[in-house]
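J.: Pasting in a structure now, in structure tokens, and then I'll have a few things to ask.
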Amino acid sequence: MTASVPAFPADFLWGVSASAFQIEGSPTADGRGPSSWDAFTREPGRIKDGSHADVATDHYRRYREDVALMAGLGVGAYRFSVSWSRVLPDGHGQVNRKGLDFYDRLVDALCTAGIAPVPTLFHWDTPLALEEKGGWLTRDTAERFAQYASVVAERLADRVPMWITINEPAEVTLLGYGIGEHAPGKGLVFDALPAAHHQLLAHGLGVQALRAAGARQIGIAASHSPVWPAGDSAEDRGAAELYDLLTNRLFADPVLTGAYPDEGLASLLPGPVAEDLKTISAPLDWYGINYYNPMLVGAPQPAAAAGEFGGIEIPADLPFTFRPIEGCEHTDFGWPVVPDGLRELLVRLRERYGDRLPPLYITENGCSYADAPDPVTGRIADARRIEYHAGHLAALHRAMAQGVDVRGYFIWSILDNFEWAEGYRQRFGLVHVDYETLERTPKESYAWYRDVIKGGR
């Protein structure tokens with residue numbers, strides 16, 4: 001545990017993250033309704049290890065133990081998500097008080113431990129009743145989201161200092177509706193674009209609802225990656241620009257500038273787009289960045305076939321191809337480890353959006369390594385995870401030195417958990433979870449991060 005980290009400001013916020021579906025389990029307890037991911041995990045072949053999240057890490061029943069782990073870590077904030085269908089089993093209508101009570105207890109436990117609760121209202125788990133009516137392809141889901149945001153904020157806003165509306169709308173659009181690798185498993189390719197617009201509209205309506213209920217410090221958690229052209233040809237540069245538009249600018253531009261980055265693209269979107277953009281671009285208190293790695297993108301290759309890239313099955317008929325980034329380490333997920341990509345991304349965002357870019361938080365950054373307990377000592381020596389985070393914190397520090405206003409950093413994740421279509425094959429946690437016994441064992445990276453936090457105070 002020798003990896004050092006530069007000094008950050010005394011008020012820099014150190015946190016950890018998780019999401020409801022990945023850790024809570026108890027899918028029918030106390031009146032919770034099913035979500036799109038509950039249904040997806042039951043479809044044969046969808047989850048690579050054949051598992052489901054009915055137990056996950058059993059956080060619903062063991063949350064006090066997990067809060068104690070966070071308190072031992074010394075974090076200032078915990079970013080969690082609220083299960084929409086636990087609060088509103090049908091996505092709208094009658095409130096499930098027992099489900100809402102769980103988050104009330106969790107927030108109280110965090111506050112007692114001196115940890116700021118940072119809830120995300122939507123982290124991919126659409127109520128199944130809404131999904132079956134069209135999900136994010138329909139405008140109604142955005143309006144239902146705003147109603148849900150009001151219900152949660154009216155209960156929790158008195159104790160919650162920061163709010164996140166939606167997590168990674170790009171992934172829901174592209175992986176869930178575009179290529180079908182995630183719930184709801186659609187393969188619509190470019191016909192998935194309405195899901196992008198409706199999630200952004202839900203974000204804007206959610207901001208309005210949260211503010212009306214007295215919520216403070218509202219942001220969004222968006223995934224962003226630097227996109228590098230695979231070559232100097234016009235075709236490779238064009239493919240990279242298209243991918244950047246579809247994964248970065250399609251989601252950031254409407255929120256930060258009130259316009260879509262391309263008029264032709266905007267013309268494909270449903271509803272009164274110009275009017276919706278006024279709602280989508282409601283001023284934010286901060287903007288969240290989820291960063292994992294850059295993407296190397298080139299023109300379609302004649303001999304290219306469908307195949308897996310970074311754990312995702314990629315169709316062969318896309319207007320770009322993904323190329324491996326060589327000359328660097330890779331995580332167990334196969335993702336390239338490029339810490340300076342975070343600095344590059346943050347500087348580019350500041351250059352692109354200027355004064356329209358609010359203060360930033362790194363709301364996710366993490367790595368999957370399957371380090372197991374030593375059979376004799378029980379210690380979990382995950383040196384690669386320590387090096388990963390030390391490298392990214394150094395890159396983050398360089399971005400801040402270049403004038404980017406970053407206020408905090410949340411590691412993904414506090415616990416090993418159910419990693420979506422991968423099942424339990426990938427481990428991102430600072431704390432190891434034995435999925436047979438559910439025993440929690442802090443890894444060496446946990447102790448390292450505790451020392452980083454202590455040194456940053």
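Identifiers in the structure tokens: chain A, B, ... in order shown; residue index from 1 per chain; ligand index from 1 in order shown.
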Considering only C-alpha atoms, tabulate each residue of region 155-243 of chain A that lies at most 12 Å from region 74-81 of chain A along with its nearest interatomic pair and the corresponding distance in Å to one decimal; arrange the rows by chain and ascending residue number and present them as JSON lines.

T.:
```
{"residue": "A:Val160", "atom": "CA", "partner": "A:Ala77", "partner_atom": "CA", "distance": 10.5}
{"residue": "A:Pro161", "atom": "CA", "partner": "A:Ala77", "partner_atom": "CA", "distance": 9.7}
{"residue": "A:Met162", "atom": "CA", "partner": "A:Arg79", "partner_atom": "CA", "distance": 9.2}
{"residue": "A:Trp163", "atom": "CA", "partner": "A:Arg79", "partner_atom": "CA", "distance": 9.1}
{"residue": "A:Ile164", "atom": "CA", "partner": "A:Ser81", "partner_atom": "CA", "distance": 8.8}
{"residue": "A:Thr165", "atom": "CA", "partner": "A:Ser81", "partner_atom": "CA", "distance": 9.7}
{"residue": "A:Ile166", "atom": "CA", "partner": "A:Ser81", "partner_atom": "CA", "distance": 9.5}
{"residue": "A:Asn167", "atom": "CA", "partner": "A:Ser81", "partner_atom": "CA", "distance": 9.1}
{"residue": "A:Ala221", "atom": "CA", "partner": "A:Arg79", "partner_atom": "CA", "distance": 10.6}
```

J.: What would the file look like if the residues just selected were written as a tab-separated table (two decimals), in the first residue's frame with all heavy atoms?

T.:
```
chain	number	residue	atom	x	y	z
A	160	VAL	N	-31.01	15.10	3.08
A	160	VAL	CA	-30.14	14.76	1.95
A	160	VAL	C	-29.53	16.04	1.38
A	160	VAL	O	-30.26	16.92	0.91
A	160	VAL	CB	-30.94	14.02	0.86
A	160	VAL	CG1	-30.14	13.93	-0.42
A	160	VAL	CG2	-31.30	12.62	1.36
A	161	PRO	N	-28.20	16.16	1.39
A	161	PRO	CA	-27.57	17.39	0.91
A	161	PRO	C	-27.26	17.42	-0.59
A	161	PRO	O	-26.99	18.49	-1.13
A	161	PRO	CB	-26.26	17.43	1.71
A	161	PRO	CG	-25.91	15.98	1.90
A	161	PRO	CD	-27.23	15.26	2.04
A	162	MET	N	-27.28	16.25	-1.26
A	162	MET	CA	-26.98	16.18	-2.69
A	162	MET	C	-27.88	15.15	-3.34
A	162	MET	O	-28.15	14.09	-2.75
A	162	MET	CB	-25.52	15.75	-2.94
A	162	MET	CG	-24.46	16.77	-2.59
A	162	MET	SD	-22.78	16.11	-2.89
A	162	MET	CE	-22.78	15.98	-4.68
A	163	TRP	N	-28.33	15.45	-4.56
A	163	TRP	CA	-29.24	14.56	-5.29
A	163	TRP	C	-28.72	14.30	-6.70
A	163	TRP	O	-28.18	15.20	-7.34
A	163	TRP	CB	-30.63	15.18	-5.40
A	163	TRP	CG	-31.35	15.31	-4.11
A	163	TRP	CD1	-31.20	16.31	-3.17
A	163	TRP	CD2	-32.34	14.42	-3.58
A	163	TRP	NE1	-32.05	16.09	-2.10
A	163	TRP	CE2	-32.75	14.94	-2.33
A	163	TRP	CE3	-32.91	13.24	-4.05
A	163	TRP	CZ2	-33.72	14.32	-1.54
A	163	TRP	CZ3	-33.88	12.63	-3.27
A	163	TRP	CH2	-34.28	13.16	-2.03
A	164	ILE	N	-28.96	13.08	-7.18
A	164	ILE	CA	-28.67	12.72	-8.56
A	164	ILE	C	-29.98	12.26	-9.19
A	164	ILE	O	-30.66	11.39	-8.64
A	164	ILE	CB	-27.62	11.61	-8.66
A	164	ILE	CG1	-26.29	12.08	-8.06
A	164	ILE	CG2	-27.42	11.15	-10.10
A	164	ILE	CD1	-25.25	10.97	-7.92
A	165	THR	N	-30.33	12.84	-10.31
A	165	THR	CA	-31.58	12.44	-10.98
A	165	THR	C	-31.42	11.08	-11.63
A	165	THR	O	-32.08	10.11	-11.26
A	165	THR	CB	-31.98	13.48	-12.03
A	165	THR	OG1	-30.86	13.70	-12.92
A	165	THR	CG2	-32.41	14.78	-11.38
A	166	ILE	N	-30.53	10.99	-12.61
A	166	ILE	CA	-30.42	9.80	-13.46
A	166	ILE	C	-28.96	9.41	-13.61
A	166	ILE	O	-28.08	10.27	-13.73
A	166	ILE	CB	-31.07	10.04	-14.83
A	166	ILE	CG1	-32.60	10.10	-14.66
A	166	ILE	CG2	-30.69	8.98	-15.85
A	166	ILE	CD1	-33.38	10.32	-15.92
A	167	ASN	N	-28.70	8.12	-13.60
A	167	ASN	CA	-27.35	7.60	-13.81
A	167	ASN	C	-27.21	7.06	-15.23
A	167	ASN	O	-27.99	6.22	-15.67
A	167	ASN	CB	-27.07	6.45	-12.83
A	167	ASN	CG	-25.70	5.84	-13.06
A	167	ASN	OD1	-24.68	6.41	-12.68
A	167	ASN	ND2	-25.65	4.68	-13.72
A	221	ALA	N	-25.52	12.06	-13.11
A	221	ALA	CA	-24.30	11.26	-13.22
A	221	ALA	C	-24.22	10.71	-14.64
A	221	ALA	O	-24.97	9.78	-14.98
A	221	ALA	CB	-24.29	10.13	-12.19
```

J.: Would you mind listing, for every residue of region 78-123 of chain A within 10 Å of region 6-21 of chain A, the two atoms forming the shortest contact and the distance between them in Å to one decimal, using only C-alpha atoms, sorted by chain and ascending residue number, as CSV?

T.:
```
residue,atom,partner,partner_atom,distance
A:Tyr78,CA,A:Val16,CA,5.3
A:Arg79,CA,A:Ser17,CA,4.5
A:Phe80,CA,A:Ala18,CA,5.0
A:Ser81,CA,A:Ser19,CA,4.8
A:Val82,CA,A:Ala20,CA,6.0
A:Ser83,CA,A:Ala20,CA,5.7
A:Trp84,CA,A:Ala20,CA,9.3
A:Arg86,CA,A:Ala20,CA,9.8
A:Ile115,CA,A:Gly15,CA,8.9
A:Ala116,CA,A:Gly15,CA,9.0
A:Pro117,CA,A:Gly15,CA,10.0
A:Val118,CA,A:Ser17,CA,9.0
A:Pro119,CA,A:Ser19,CA,9.3
A:Thr120,CA,A:Ser19,CA,8.1
A:Leu121,CA,A:Ala20,CA,9.9
A:Phe122,CA,A:Ser19,CA,9.2
A:His123,CA,A:Ser19,CA,6.5
```

J.: Save the residues we just selected, N, CA and C atoms, as a short mmCIF file (atom, residue, chain, number, x, y, z; two decimals), in the first residue's frame?

T.:
```
data_model
loop_
_atom_site.label_atom_id
_atom_site.label_comp_id
_atom_site.auth_asym_id
_atom_site.auth_seq_id
_atom_site.Cartn_x
_atom_site.Cartn_y
_atom_site.Cartn_z
N TYR A 78 -21.92 8.81 0.72
CA TYR A 78 -22.27 7.52 0.11
C TYR A 78 -23.29 7.78 -0.98
N ARG A 79 -22.92 7.45 -2.19
CA ARG A 79 -23.82 7.55 -3.33
C ARG A 79 -24.51 6.20 -3.52
N PHE A 80 -25.81 6.16 -3.26
CA PHE A 80 -26.61 4.94 -3.43
C PHE A 80 -27.74 5.26 -4.39
N SER A 81 -28.52 4.27 -4.76
CA SER A 81 -29.70 4.56 -5.57
C SER A 81 -30.95 4.04 -4.89
N VAL A 82 -32.05 4.69 -5.21
CA VAL A 82 -33.37 4.29 -4.72
C VAL A 82 -34.00 3.40 -5.77
N SER A 83 -34.53 2.26 -5.34
CA SER A 83 -35.27 1.39 -6.24
C SER A 83 -36.66 1.98 -6.47
N TRP A 84 -36.88 2.45 -7.67
CA TRP A 84 -38.16 3.08 -8.03
C TRP A 84 -39.32 2.15 -7.72
N ARG A 86 -39.46 -0.19 -5.56
CA ARG A 86 -39.63 -0.43 -4.13
C ARG A 86 -40.51 0.66 -3.52
N ILE A 115 -22.05 10.55 7.52
CA ILE A 115 -21.85 10.33 6.09
C ILE A 115 -23.00 10.98 5.34
N ALA A 116 -22.69 11.82 4.38
CA ALA A 116 -23.74 12.49 3.61
C ALA A 116 -24.42 11.50 2.67
N PRO A 117 -25.75 11.37 2.72
CA PRO A 117 -26.45 10.50 1.78
C PRO A 117 -26.60 11.22 0.43
N VAL A 118 -26.24 10.52 -0.65
CA VAL A 118 -26.33 11.09 -1.99
C VAL A 118 -27.14 10.11 -2.85
N PRO A 119 -28.47 10.23 -2.85
CA PRO A 119 -29.29 9.26 -3.59
C PRO A 119 -29.35 9.56 -5.08
N THR A 120 -29.32 8.49 -5.86
CA THR A 120 -29.61 8.53 -7.29
C THR A 120 -31.02 8.00 -7.47
N LEU A 121 -31.86 8.73 -8.16
CA LEU A 121 -33.25 8.32 -8.27
C LEU A 121 -33.48 7.23 -9.31
N PHE A 122 -32.67 7.21 -10.36
CA PHE A 122 -32.80 6.15 -11.36
C PHE A 122 -31.43 5.62 -11.75
N HIS A 123 -31.17 4.36 -11.41
CA HIS A 123 -29.93 3.69 -11.78
C HIS A 123 -30.29 2.41 -12.52
#
```

J.: Using only C-alpha atoms, which of A:Val55, A:Ala157, A:Ile325, A:Val207 sits nearest Asn417 (chain A)?

T.: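 Of A:Val55, A:Ala157, A:Ile325, A:Val207, the one nearest Asn417 (chain A), counting only C-alpha atoms, is A:Val55.
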
J.: Let's see if you can do this: from backbone DSSP, list all alpha helix (DSSP H) residues in region 234-371 of chain A, as an MDAnalysis selection string.

T.: chainID A and resid 234:244 250:257 263:266 273:280 340:353

J.: Of the candidates A:Ala230, A:Ala71, A:Leu396, A:Ile414, which one gets nearest to Pro324 (chain A) if we count only C-alpha atoms?

T.: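 Looking at the shortest contact to Pro324 (chain A), the residue is A:Ala230.
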
J.: For Gly176 (chain A), which residue among A:Gly403, A:Gly204, A:Gly327, A:Gly135 is the nearest when counting only C-alpha atoms?

T.: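 Checking each of A:Gly403, A:Gly204, A:Gly327, A:Gly135 against Gly176 (chain A), counting only C-alpha atoms, the winner is A:Gly135.
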
J.: Extract, using only C-alpha atoms, all DNA, RNA and protein residues at most 6 Å from region 38-53 of chain A, discarding same-chain residues fewer than 6 positions from it, and format them as a VMD selection string.

T.: chain A and resid 25 183 421 to 423

J.: Mind checking which residues fall within 9 Å of region 185-192 of chain A, counting only C-alpha atoms, ignoring those fewer than 3 positions away in the same chain, and posting them as an mmCIF file with C-alpha atoms, in the first residue's frame?

T.:
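File written: out_4.cif
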```cif
data_model
loop_
_atom_site.group_PDB
_atom_site.id
_atom_site.type_symbol
_atom_site.label_atom_id
_atom_site.label_comp_id
_atom_site.auth_asym_id
_atom_site.auth_seq_id
_atom_site.Cartn_x
_atom_site.Cartn_y
_atom_site.Cartn_z
ATOM 1 C CA PHE A 40 -34.135 -9.493 -17.778
ATOM 2 C CA ARG A 46 -28.958 -12.850 -20.655
ATOM 3 C CA LEU A 137 -39.395 4.874 -25.479
ATOM 4 C CA THR A 173 -30.095 3.966 -24.382
ATOM 5 C CA LEU A 174 -27.234 2.234 -26.157
ATOM 6 C CA LEU A 175 -26.896 -1.024 -24.217
ATOM 7 C CA GLY A 176 -30.500 -1.498 -23.126
ATOM 8 C CA TYR A 177 -32.450 -0.288 -26.146
ATOM 9 C CA GLY A 178 -29.803 -0.043 -28.865
ATOM 10 C CA ILE A 179 -28.013 -3.406 -28.838
ATOM 11 C CA GLY A 180 -29.934 -5.308 -26.162
ATOM 12 C CA GLU A 181 -27.013 -6.298 -23.935
ATOM 13 C CA HIS A 182 -28.725 -4.803 -20.881
ATOM 14 C CA ALA A 195 -35.007 6.585 -24.953
ATOM 15 C CA ALA A 196 -32.238 9.173 -24.812
ATOM 16 C CA LEU A 268 -35.216 12.164 -35.149
ATOM 17 C CA LEU A 318 -22.677 -0.323 -36.638
#
```

J.: Within 10 Å of Leu106 (chain A), counting only C-alpha atoms, which residues show up once you throw out same-chain ones fewer than 6 positions away? Write them as a ChimeraX atom specification, please.

T.: /A:60,63-64,67,80,112,117

J.: Mind dumping the selected residues with C-alpha atoms as a JSON list (two decimals), in the first residue's frame?

T.:
```
[["chain", "number", "residue", "atom", "x", "y", "z"],
["A", 60, "TYR", "CA", -31.62, -4.52, 2.24],
["A", 63, "TYR", "CA", -27.39, -2.05, 5.44],
["A", 64, "ARG", "CA", -26.30, -1.20, 8.99],
["A", 67, "VAL", "CA", -22.85, 1.74, 6.80],
["A", 80, "PHE", "CA", -26.61, 4.94, -3.43],
["A", 112, "THR", "CA", -25.80, 9.26, 12.39],
["A", 117, "PRO", "CA", -26.45, 10.50, 1.78]]
```

J.: To one decimal place in Å, what is the distance between CA of Asn96 (chain A) and CA of Asp140 (chain A)?

T.: 20.5 Å

J.: Write out as a compact mmCIF listing (two decimals) with all heavy atoms, in the first residue's frame all residues of region 15-194 of chain A that backbone DSSP assigns to strand (DSSP E or B).

T.:
```
# COMPACT_ATOMS: atom_id res chain seq x y z
N GLY A 15 -15.91 9.87 -1.42
CA GLY A 15 -17.08 9.02 -1.28
C GLY A 15 -16.92 7.66 -1.90
O GLY A 15 -15.88 7.32 -2.48
N VAL A 16 -17.96 6.86 -1.75
CA VAL A 16 -18.08 5.55 -2.39
C VAL A 16 -19.48 5.45 -2.99
O VAL A 16 -20.39 6.18 -2.60
CB VAL A 16 -17.83 4.38 -1.41
CG1 VAL A 16 -16.36 4.27 -1.05
CG2 VAL A 16 -18.70 4.53 -0.16
N SER A 17 -19.65 4.51 -3.92
CA SER A 17 -20.90 4.39 -4.65
C SER A 17 -21.41 2.95 -4.67
O SER A 17 -20.64 2.01 -4.49
CB SER A 17 -20.73 4.86 -6.10
OG SER A 17 -20.32 6.20 -6.17
N SER A 35 -38.73 -4.99 -11.43
CA SER A 35 -38.13 -4.01 -12.34
C SER A 35 -37.78 -4.68 -13.66
O SER A 35 -37.85 -5.91 -13.79
CB SER A 35 -36.86 -3.41 -11.72
OG SER A 35 -35.80 -4.35 -11.78
N ALA A 77 -19.26 10.81 2.04
CA ALA A 77 -20.54 10.67 1.34
C ALA A 77 -20.69 9.26 0.80
O ALA A 77 -19.70 8.60 0.46
CB ALA A 77 -20.65 11.68 0.20
N TYR A 78 -21.92 8.81 0.72
CA TYR A 78 -22.27 7.52 0.11
C TYR A 78 -23.29 7.78 -0.98
O TYR A 78 -24.40 8.26 -0.73
CB TYR A 78 -22.84 6.58 1.16
CG TYR A 78 -23.43 5.29 0.62
CD1 TYR A 78 -22.77 4.55 -0.37
CD2 TYR A 78 -24.64 4.80 1.10
CE1 TYR A 78 -23.32 3.36 -0.85
CE2 TYR A 78 -25.19 3.60 0.63
CZ TYR A 78 -24.52 2.90 -0.35
OH TYR A 78 -25.06 1.73 -0.83
N ARG A 79 -22.92 7.45 -2.19
CA ARG A 79 -23.82 7.55 -3.33
C ARG A 79 -24.51 6.20 -3.52
O ARG A 79 -23.87 5.20 -3.87
CB ARG A 79 -23.05 7.94 -4.59
CG ARG A 79 -23.97 8.08 -5.78
CD ARG A 79 -23.26 8.09 -7.11
NE ARG A 79 -24.25 7.80 -8.13
CZ ARG A 79 -24.00 7.30 -9.32
NH1 ARG A 79 -22.76 7.02 -9.67
NH2 ARG A 79 -24.97 7.07 -10.16
N PHE A 80 -25.81 6.16 -3.26
CA PHE A 80 -26.61 4.94 -3.43
C PHE A 80 -27.74 5.26 -4.39
O PHE A 80 -27.91 6.41 -4.82
CB PHE A 80 -27.16 4.47 -2.08
CG PHE A 80 -28.08 5.45 -1.42
CD1 PHE A 80 -29.46 5.36 -1.54
CD2 PHE A 80 -27.56 6.49 -0.65
CE1 PHE A 80 -30.30 6.28 -0.91
CE2 PHE A 80 -28.40 7.41 -0.03
CZ PHE A 80 -29.76 7.31 -0.15
N SER A 81 -28.52 4.27 -4.76
CA SER A 81 -29.70 4.56 -5.57
C SER A 81 -30.95 4.04 -4.89
O SER A 81 -30.91 3.11 -4.08
CB SER A 81 -29.57 4.00 -6.99
OG SER A 81 -29.82 2.61 -7.05
N ALA A 116 -22.69 11.82 4.38
CA ALA A 116 -23.74 12.49 3.61
C ALA A 116 -24.42 11.50 2.67
O ALA A 116 -23.74 10.85 1.86
CB ALA A 116 -23.14 13.64 2.80
N PRO A 117 -25.75 11.37 2.72
CA PRO A 117 -26.45 10.50 1.78
C PRO A 117 -26.60 11.22 0.43
O PRO A 117 -27.04 12.37 0.38
CB PRO A 117 -27.81 10.28 2.43
CG PRO A 117 -27.92 11.24 3.56
CD PRO A 117 -26.64 11.96 3.72
N VAL A 118 -26.24 10.52 -0.65
CA VAL A 118 -26.33 11.09 -1.99
C VAL A 118 -27.14 10.11 -2.85
O VAL A 118 -26.58 9.22 -3.51
CB VAL A 118 -24.94 11.34 -2.61
CG1 VAL A 118 -25.07 12.00 -3.98
CG2 VAL A 118 -24.08 12.20 -1.68
N PRO A 119 -28.47 10.23 -2.85
CA PRO A 119 -29.29 9.26 -3.59
C PRO A 119 -29.35 9.56 -5.08
O PRO A 119 -29.41 10.71 -5.51
CB PRO A 119 -30.67 9.43 -2.95
CG PRO A 119 -30.68 10.82 -2.41
CD PRO A 119 -29.28 11.15 -2.03
N THR A 120 -29.32 8.49 -5.86
CA THR A 120 -29.61 8.53 -7.29
C THR A 120 -31.02 8.00 -7.47
O THR A 120 -31.33 6.90 -7.01
CB THR A 120 -28.61 7.66 -8.08
OG1 THR A 120 -27.28 8.11 -7.83
CG2 THR A 120 -28.91 7.70 -9.57
N LEU A 121 -31.86 8.73 -8.16
CA LEU A 121 -33.25 8.32 -8.27
C LEU A 121 -33.48 7.23 -9.31
O LEU A 121 -34.40 6.42 -9.17
CB LEU A 121 -34.13 9.54 -8.58
CG LEU A 121 -34.25 10.54 -7.43
CD1 LEU A 121 -35.00 11.78 -7.89
CD2 LEU A 121 -34.94 9.91 -6.23
N PHE A 122 -32.67 7.21 -10.36
CA PHE A 122 -32.80 6.15 -11.36
C PHE A 122 -31.43 5.62 -11.75
O PHE A 122 -30.62 6.34 -12.32
CB PHE A 122 -33.54 6.63 -12.60
CG PHE A 122 -33.62 5.57 -13.68
CD1 PHE A 122 -34.40 4.44 -13.50
CD2 PHE A 122 -32.89 5.69 -14.86
CE1 PHE A 122 -34.46 3.45 -14.49
CE2 PHE A 122 -32.94 4.72 -15.84
CZ PHE A 122 -33.72 3.59 -15.65
N PRO A 127 -39.27 0.38 -13.31
CA PRO A 127 -40.37 -0.50 -12.88
C PRO A 127 -40.91 -1.29 -14.07
O PRO A 127 -41.16 -0.73 -15.15
CB PRO A 127 -41.39 0.48 -12.32
CG PRO A 127 -40.58 1.64 -11.84
CD PRO A 127 -39.47 1.77 -12.84
N TRP A 163 -28.33 15.45 -4.56
CA TRP A 163 -29.24 14.56 -5.29
C TRP A 163 -28.72 14.30 -6.70
O TRP A 163 -28.18 15.20 -7.34
CB TRP A 163 -30.63 15.18 -5.40
CG TRP A 163 -31.35 15.31 -4.11
CD1 TRP A 163 -31.20 16.31 -3.17
CD2 TRP A 163 -32.34 14.42 -3.58
NE1 TRP A 163 -32.05 16.09 -2.10
CE2 TRP A 163 -32.75 14.94 -2.33
CE3 TRP A 163 -32.91 13.24 -4.05
CZ2 TRP A 163 -33.72 14.32 -1.54
CZ3 TRP A 163 -33.88 12.63 -3.27
CH2 TRP A 163 -34.28 13.16 -2.03
N ILE A 164 -28.96 13.08 -7.18
CA ILE A 164 -28.67 12.72 -8.56
C ILE A 164 -29.98 12.26 -9.19
O ILE A 164 -30.66 11.39 -8.64
CB ILE A 164 -27.62 11.61 -8.66
CG1 ILE A 164 -26.29 12.08 -8.06
CG2 ILE A 164 -27.42 11.15 -10.10
CD1 ILE A 164 -25.25 10.97 -7.92
N THR A 165 -30.33 12.84 -10.31
CA THR A 165 -31.58 12.44 -10.98
C THR A 165 -31.42 11.08 -11.63
O THR A 165 -32.08 10.11 -11.26
CB THR A 165 -31.98 13.48 -12.03
OG1 THR A 165 -30.86 13.70 -12.92
CG2 THR A 165 -32.41 14.78 -11.38
N ILE A 166 -30.53 10.99 -12.61
CA ILE A 166 -30.42 9.80 -13.46
C ILE A 166 -28.96 9.41 -13.61
O ILE A 166 -28.08 10.27 -13.73
CB ILE A 166 -31.07 10.04 -14.83
CG1 ILE A 166 -32.60 10.10 -14.66
CG2 ILE A 166 -30.69 8.98 -15.85
CD1 ILE A 166 -33.38 10.32 -15.92
N ASN A 167 -28.70 8.12 -13.60
CA ASN A 167 -27.35 7.60 -13.81
C ASN A 167 -27.21 7.06 -15.23
O ASN A 167 -27.99 6.22 -15.67
CB ASN A 167 -27.07 6.45 -12.83
CG ASN A 167 -25.70 5.84 -13.06
OD1 ASN A 167 -24.68 6.41 -12.68
ND2 ASN A 167 -25.65 4.68 -13.72
```
